[in-house]
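This report concerns only the one structure given below.
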Amino acid sequence: MRASVAVLALSALSLLACGGELDGPAEAPSASGAAGGPSGGAAGAAGAGDAGSAGAAGAAGAAGDPSKRGDPASFPTACQPSCAAACDKLEACGAAASPVAPMTREACMTRCALAEKGPLWDDVSGNFKCCASQPACGDVARCGAWLELPSTRASCKTLCQCFFGGMGVEEAWRGRAAPEGYRFAVDAVAVREVTASLPPGVRARPFGAGRLLTASGALDAGALAGKVDALPTFRDGAGRLAVATGRVVVSARSEGERARAAVGLARHGLSAPARLAYAAHLYVSESSDAWAALDAVAALRARGVDAELDLLREYSVRAASDDPLLADQWHLEDTGQRGATPGVDARVTEAWSLTRGSPDVVLAVLDDGVDLDHPDLAPNLAGTTINFPDDWRAKRDAADFGQHGSSCAGVAAARGDNAEGGSGVCPTCKLLPALLAETTGGQFQITDTESAKRFVDIVDAGAWVISNSWGISTGDPRFKDAAFQVPKITKTMAAALDYAETKGRGGKGTVIVFAAGNDNSPLDSTAAYDSVVAVGAVDAMGLKSYYSNVGKQLDVAAPSNGARIGVTTTAAGKGGAAKYTDEFGGTSSACPLVAGVIGLMLSANPAMTAAEVRAALAATANPIDPVYGNYDEDGRSVYYGAGLVDAYAAVKRATGACSSPESCAAPSDLAATPKRGAASACRTGRDCESGVCQAIAALGATVCVGTTTPGGACAAGELQEGLYCLPTRESVGMCLGAEAPCNGRDDDCSGQTDDGAAACGSLEGAFCPSGQGDCAAGELCAGVGCVKACAVDADCGDGRCLPVKSRYGVSDKSVKGCSPNALSGCQMGCEVLAASLTDAAVDAFVGCMKDGAATCGAVTSCAGMLPVKL
């Protein structure tokens, strides 16, 4: 058990390294200053309060000798209170030049933060902080060895290569063709059950109702023969897994087509096709033999029958009132709190003057579950749930249920005016919690027909709106990798969405809302479906969140994180405790915000059809970012859709009380009189003489922007973008004598935002919200984080050299930066875990790994020696 938890922990480290953190995309440095990947710390036997037997001997090398890195038994008991204080002490004592454990302050902050906090571990930075509290600088300068031990590098490199190494190239399943758009996986296979011990180097994790076997290279089908009940397992162009289950879906619009399909299915031993209740032309057939189903689809398609496999897929989660946290909820009303640019909100509190929602309106949240005991959610529950397990409370308390969905539910419809927490957008609407599927490591595994059936069940249960903050991953938001193929929408999902549109709410339609996705890539096929409201994200600076997906099918955008400020909302609490977070974000947060706005609209006018709701949302959205938003002649942007959602205007239009942007405007958006000139503060373009109101990250404000004529030039100090003249801090006299801390702006006009990552003591690296000009020499802006520039992979150590994307998803193949990969993230995490151990435990780990010479078959047991919390 311990070994398997260690594997899971290291997997989490690799996800963080590959951009799993929504708000911190930049690289983290190693002790020598070279670029590495951000990862996490560990907890356990050698934690903050455990000095251990540090007097043990020496395979840990020079830094592992107690006379070199110190004996924790002799450290002061009054230790440094924070990583910043400890790293300041190291810097003052010349640790960067230490012959025992050289470490820069930036590397110290990175590694100490990893030791201090991680998704599956507690604080193990105690020995380091206490070491840094010693009075003698000579002793303090060596303390970096409690964060990084050179003697563990070879062992950690081998361990990570075994867990996250490259795929093999030989096809494991010959003689059959994979479905269109897929190839057979060679490094993984899904199985119903394992009937004998697995070969060395093969690992297993839960996947759907069975297990997923993986290896660092190609799986040996011969070695697995007789030991597993294997299922056809595929990867698409982006490497995402899909598994055949034995079910086949056929489309037959006539009796003749259905009869032909039935004959073909029977030839391969599948059942007679049964019509799906929510789609008159779709039929499902089953077999206990998934390979027979694969063969049947190939044979049917060869005969002109429209058939597809029902695939098991893996999805990722896309985070006047007396409520005490309402003042922190800048996404509802943004007055500049928490450092946000004033006015970047959805005009929600103004919409509450029209309606606070109706308990007749039912908002469903389809996710990983919802904490039904939360005091800010329980008063709004509709009284039923969909697909909840009987032991959901135990799963919640084990942090395996409702961790994401509880926050989504709070954004949409947390109870308002109850003197508890904050408020949802529709604070008196009802919540219908629905479980998409139980999660494994933050991932859903569910078949196409099961996910479609979940929508049908929710519609039949009376939902007016369904919020979906999940979907397939389509890439890294900061880097452009090989072209990712976006699979087309399945027939069953399309049929379920059509069912919601035509059968929901007695024929008026249930409104389906989907998060656009967090990959700065094209929308997936479900979010892009015609009857779906696809929601992008806008950060607290008033610009596209760097991760938010793009596409002409995007409908609207909503406030979320991406500029170091998250959204305050509910969180699942152990034992039903009232828990909250101020770090929720992604399009996961933007989606339920829009779902809540739709709840307000339907509360004001329950007779609206789903199509009318979508039209009103688009007609009343605020077209932000006119300079960079790339709006077409129809007023649509691939980055924002129709613009930033406006709850007040949408609700007012729903009542029929207005029909134009001017007549629907919120009180705070009424046009300024007289019109304002360039560089003046504005809410919308109606305030400006030029008609252009633009958020400018460097100023931390939305201001009126002047224009010039073709061939003309802007005034001195202004930044010219096409025909627009953007004010700068220099042109408006805003250069300060010193940099304000971590506000994402270049206050002193030094040429670097926040004067670099070290000034912020942050894992995020240098912040570049305004683009390439914010980064230091030798760096490039990827998304909104600076990374090391490169020409070839060799420039990036364990990482890869890839074209970087702007916050708008634009890339140039000649402009490349270092992208950390799973191996580099795992490497740093493993090193931090190992360095937190006592010297004797380090010796044992390095010995188990044979100083990097261990085989992959032995690595799992060695990983169990790392101090991971069970």
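By convention here, the chains of the structure tokens are called A, B, ... in the order presented, each chain's residues are numbered starting at 1, and ligands are numbered starting at 1 in the order presented.
Close contacts of Val425 of chain A, defined as residues with an atom at most 7 Å away when counting only C-alpha atoms, with chain neighbours fewer than 6 positions off set aside, comprise A:Val348, A:Val411, A:Ala412, A:Ala413, A:Leu593, A:Gly596, A:Val597.
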Which residues are close to Gly517 of chain A, i.e. within 10 Å by only C-alpha atoms, leaving aside same-chain residues fewer than 3 positions away? Reply as a ChimeraX atom specification. /A:316-318,469-475,477,514,520-524,527,534-537,547-550,586-588,591
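If you count only C-alpha atoms and ignore residues fewer than 6 places along the chain from Lys480 of chain A, what sits within 10 Å of it is Asn520, Ser521, Ala782, Leu802, Pro803, Val804, Lys805, Gly809, Val810, Ser811, Asp812, Lys813, Lys816 and Ser819 of chain A.
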Long-range neighbours of Val732 of chain A as a list in words, 10 Å cut-off, only C-alpha atoms, 3 positions minimum in chain: Ala679, Leu699, Gly717, Glu718, Pro727, Thr728, Arg729 and Cys735 of chain A
Pro359 of chain A surroundings by only C-alpha atoms, 10 Å radius, close-in-sequence under 3 positions cut, as a ChimeraX atom specification: /A:356,362-363,380-382,426-431,599,603
Residue neighbourhood Glu91 of chain A, 9 Å, only C-alpha atoms, exclusion window fewer than 3 positions, as a PDB file with N, CA and C atoms, in the first residue's frame:
ATOM      1  N   ALA A  86      13.877  31.655   6.276  1.00  0.00           N
ATOM      2  CA  ALA A  86      14.979  30.692   6.239  1.00  0.00           C
ATOM      3  C   ALA A  86      15.876  30.935   5.028  1.00  0.00           C
ATOM      4  N   CYS A  87      15.272  31.192   3.881  1.00  0.00           N
ATOM      5  CA  CYS A  87      16.071  31.402   2.669  1.00  0.00           C
ATOM      6  C   CYS A  87      16.810  32.732   2.713  1.00  0.00           C
ATOM      7  N   ASP A  88      16.216  33.740   3.351  1.00  0.00           N
ATOM      8  CA  ASP A  88      16.931  35.008   3.560  1.00  0.00           C
ATOM      9  C   ASP A  88      18.189  34.774   4.383  1.00  0.00           C
ATOM     10  N   GLY A  94      25.798  33.405   2.656  1.00  0.00           N
ATOM     11  CA  GLY A  94      26.606  33.005   1.512  1.00  0.00           C
ATOM     12  C   GLY A  94      26.386  31.586   1.037  1.00  0.00           C
ATOM     13  N   ALA A  95      25.157  31.070   1.167  1.00  0.00           N
ATOM     14  CA  ALA A  95      24.891  29.682   0.778  1.00  0.00           C
ATOM     15  C   ALA A  95      25.118  29.440  -0.705  1.00  0.00           C
ATOM     16  N   ALA A  96      24.981  30.479  -1.531  1.00  0.00           N
ATOM     17  CA  ALA A  96      25.164  30.279  -2.970  1.00  0.00           C
ATOM     18  C   ALA A  96      26.567  29.803  -3.305  1.00  0.00           C
ATOM     19  N   MET A 103      23.305  26.833  -2.886  1.00  0.00           N
ATOM     20  CA  MET A 103      21.895  27.044  -3.174  1.00  0.00           C
ATOM     21  C   MET A 103      21.603  28.532  -3.247  1.00  0.00           C
ATOM     22  N   THR A 104      21.009  28.959  -4.375  1.00  0.00           N
ATOM     23  CA  THR A 104      20.590  30.342  -4.505  1.00  0.00           C
ATOM     24  C   THR A 104      19.311  30.573  -3.714  1.00  0.00           C
ATOM     25  N   ARG A 105      18.970  31.829  -3.474  1.00  0.00           N
ATOM     26  CA  ARG A 105      17.742  32.112  -2.741  1.00  0.00           C
ATOM     27  C   ARG A 105      16.524  31.647  -3.529  1.00  0.00           C
ATOM     28  N   ALA A 141      24.991  28.012   6.108  1.00  0.00           N
ATOM     29  CA  ALA A 141      25.286  27.937   4.680  1.00  0.00           C
ATOM     30  C   ALA A 141      25.179  26.520   4.140  1.00  0.00           C
TER      31      ALA A 141
END
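Separating atom CA of Lys675 of chain A from atom CA of Val692 of chain A is a distance of 11.2 Å.
Relative to atom CA of Ala590 of chain A, atom CA of Gly421 of chain A is found at 19.3 Å.
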So that I can check the secondary structure, give me every residue of segment 560-616 of chain A assigned helix (DSSP H, G or I) by backbone DSSP, as a VMD selection string. chain A and resid 574 to 576 587 to 604 610 to 616
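For the pair atom CA of Ala698 of chain A and atom CA of Gly677 of chain A, the separation is 18.9 Å.
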DSSP on the backbone, strand (DSSP E) only: what residues of segment 293-421 of chain A does that give? Format it as a count of residues only. 18
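Residue nearest Asn622 of chain A, chosen from A:Ile458, A:Leu241, A:Cys664, A:Ala528 and counting only C-alpha atoms: A:Cys664.
Closest to Trp392 of chain A among A:Arg153, A:Arg686, A:Lys574, A:Lys453 is A:Lys574, based on only C-alpha atoms.
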Of the listed residues A:Leu432, A:Ala266, A:Ala113, A:Cys801, that which approaches Val361 of chain A most closely, counting only C-alpha atoms: A:Leu432
